[in-house]
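Everything below concerns the one structure shown next.
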Amino acid sequence: AVIRSELVVLCLTYFSFDGATHLGQLVVHHSLSAPLREIFAELLSRRFPIHSMVPIVAFGWDDERSMAANNTSGVNYRFIAGSEPKRLSRHALGLAIDINPWQNPCRLRNQWSPAGARYDPETPGTIVADSWLTDLFRSHGFDCGVDWQEPFDPQHFERPLPL
């Protein structure tokens, strides 16, 4: 039997808070490869700062540790926070990414994650609903967590499962 992975590792250049460019890795569903390459090329050209971008395995598959380190990531086999009954996150399928979780913390039931982070739209690397960045993601078929009320999740971008 042949086992074919639906996941790919994208090597992407990004502009960081240190003013330099870096090479990062994003593990995602293969259907996101082309749009994310285009999106991250635009983020780089506009010098949108990203703190780090390493696969979550570097954090022992611990989402909280990755977010606390302000790490941009894709695949992570986990459930949607607060879901009852438990439902798999789009991250589990590689169909979602989180960008700069420290600048863009998730608010669920008046609690922020990662703990200690605060959302300030004036801070560099922060994602707001009416921006070129969210328009760019939307133009590539992504839903933006900054548009949601509960949870409010500005770090999060997802696409539906491909047919």
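Order determines the names: the first chain of the structure tokens is A, the second B, and so forth; residues in each chain are numbered 1 upward, and ligands are numbered 1 upward as they are shown.
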Please report as a tab-separated table every residue of segment 31-147 of chain A lying within 12 Å of segment 12-23 of chain A, along with the nearest atom pair and their distance in Å (one decimal), using only C-alpha atoms.
residue	atom	partner	partner_atom	distance
A:Ser33	CA	A:Leu12	CA	10.6
A:Ala34	CA	A:Leu12	CA	11.7
A:Leu36	CA	A:Leu12	CA	9.0
A:Arg37	CA	A:Leu12	CA	7.3
A:Glu38	CA	A:Leu12	CA	10.2
A:Ile39	CA	A:Leu12	CA	10.3
A:Phe40	CA	A:Leu12	CA	7.1
A:Ala41	CA	A:Thr13	CA	7.7
A:Glu42	CA	A:Tyr14	CA	9.7
A:Leu43	CA	A:Tyr14	CA	7.3
A:Leu44	CA	A:Tyr14	CA	5.3
A:Ser45	CA	A:Phe15	CA	8.5
A:Arg46	CA	A:Phe15	CA	8.8
A:Arg47	CA	A:Phe15	CA	5.6
A:Phe48	CA	A:Phe15	CA	6.4
A:Pro49	CA	A:Ser16	CA	4.6
A:Ile50	CA	A:Ser16	CA	4.8
A:His51	CA	A:Ser16	CA	5.4
A:Ser52	CA	A:Ser16	CA	7.4
A:Met53	CA	A:Leu23	CA	8.1
A:Val54	CA	A:Leu23	CA	9.3
A:Asn70	CA	A:Phe17	CA	11.3
A:Asn71	CA	A:Ser16	CA	11.4
A:Thr72	CA	A:Tyr14	CA	10.8
A:Ser73	CA	A:Leu12	CA	11.8
A:Ile99	CA	A:Tyr14	CA	11.7
A:Asn100	CA	A:Ser16	CA	10.6
A:Gln103	CA	A:Phe17	CA	11.7
A:Thr123	CA	A:Phe17	CA	11.4
A:Pro124	CA	A:Phe17	CA	8.4
A:Gly125	CA	A:Phe17	CA	8.3
A:Thr126	CA	A:Phe17	CA	11.9
Distance query Gln111 of chain A at most 12 Å, only C-alpha atoms, self and fewer than 6 positions along chain excluded, as a short mmCIF file (atom, residue, chain, number, x, y, z; two decimals) with C-alpha atoms, in the first residue's frame:
data_model
loop_
_atom_site.label_atom_id
_atom_site.label_comp_id
_atom_site.auth_asym_id
_atom_site.auth_seq_id
_atom_site.Cartn_x
_atom_site.Cartn_y
_atom_site.Cartn_z
CA ALA A 81 -9.98 25.26 22.19
CA GLY A 82 -13.19 25.16 24.22
CA PRO A 105 -3.55 36.58 21.09
CA ALA A 117 -0.29 38.68 25.87
CA ARG A 118 -2.44 41.69 25.04
CA TYR A 119 -3.94 42.72 21.72
CA GLU A 150 -16.05 34.36 20.07
CA PRO A 151 -13.35 33.39 19.94
CA PHE A 152 -11.66 36.55 18.73
CA ASP A 153 -8.56 35.03 17.12
#
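Per DSSP on the backbone, strand (DSSP E or B) in segment 1-80 of chain A comprises A:Leu7, A:Val8, A:Val9, A:Leu10, A:Cys11, A:Leu12, A:Thr13, A:Tyr14, A:Phe15, A:Thr21, A:His22, A:Leu23, A:Gly24, A:Gln25, A:Leu26, A:Val27, A:Val28, A:His29, A:Pro49, A:Ser52, A:Asn71, A:Ser73, A:Phe79.
Residues of chain A that DSSP places in alpha helix (DSSP H), based on the backbone of this structure, are Ser33, Ala34, Pro35, Leu36, Arg37, Glu38, Ile39, Phe40, Ala41, Glu42, Leu43, Leu44, Ser45, Asp63, Glu64, Arg65, Ser66, Met67, Ala68, Trp132, Leu133, Thr134, Asp135, Leu136, Phe137, Arg138 and Ser139 of chain A.
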request  = Write out as a ChimeraX atom specification each polymer residue whose atoms come within 12 Å of Trp61 of chain A, counting only C-alpha atoms; drop sequence neighbours fewer than 3 positions from it.
outcome  = /A:54-58,64-67,73-78,91-92
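For Gly94 of chain A, the non-local neighbours within 10 Å, defined as residues at least 2 positions apart in the same chain or in other chains and counting only C-alpha atoms, are Glu6, Leu7, Val8, Leu26, Val27, Val28, His29, His30, Ser31, Leu32, Ser73, Gly74, Val75, Asn76, Tyr77, Ser89, Arg90, His91, Ala92, Ala96, Ile97, Glu158, Arg159 and Leu161 of chain A.
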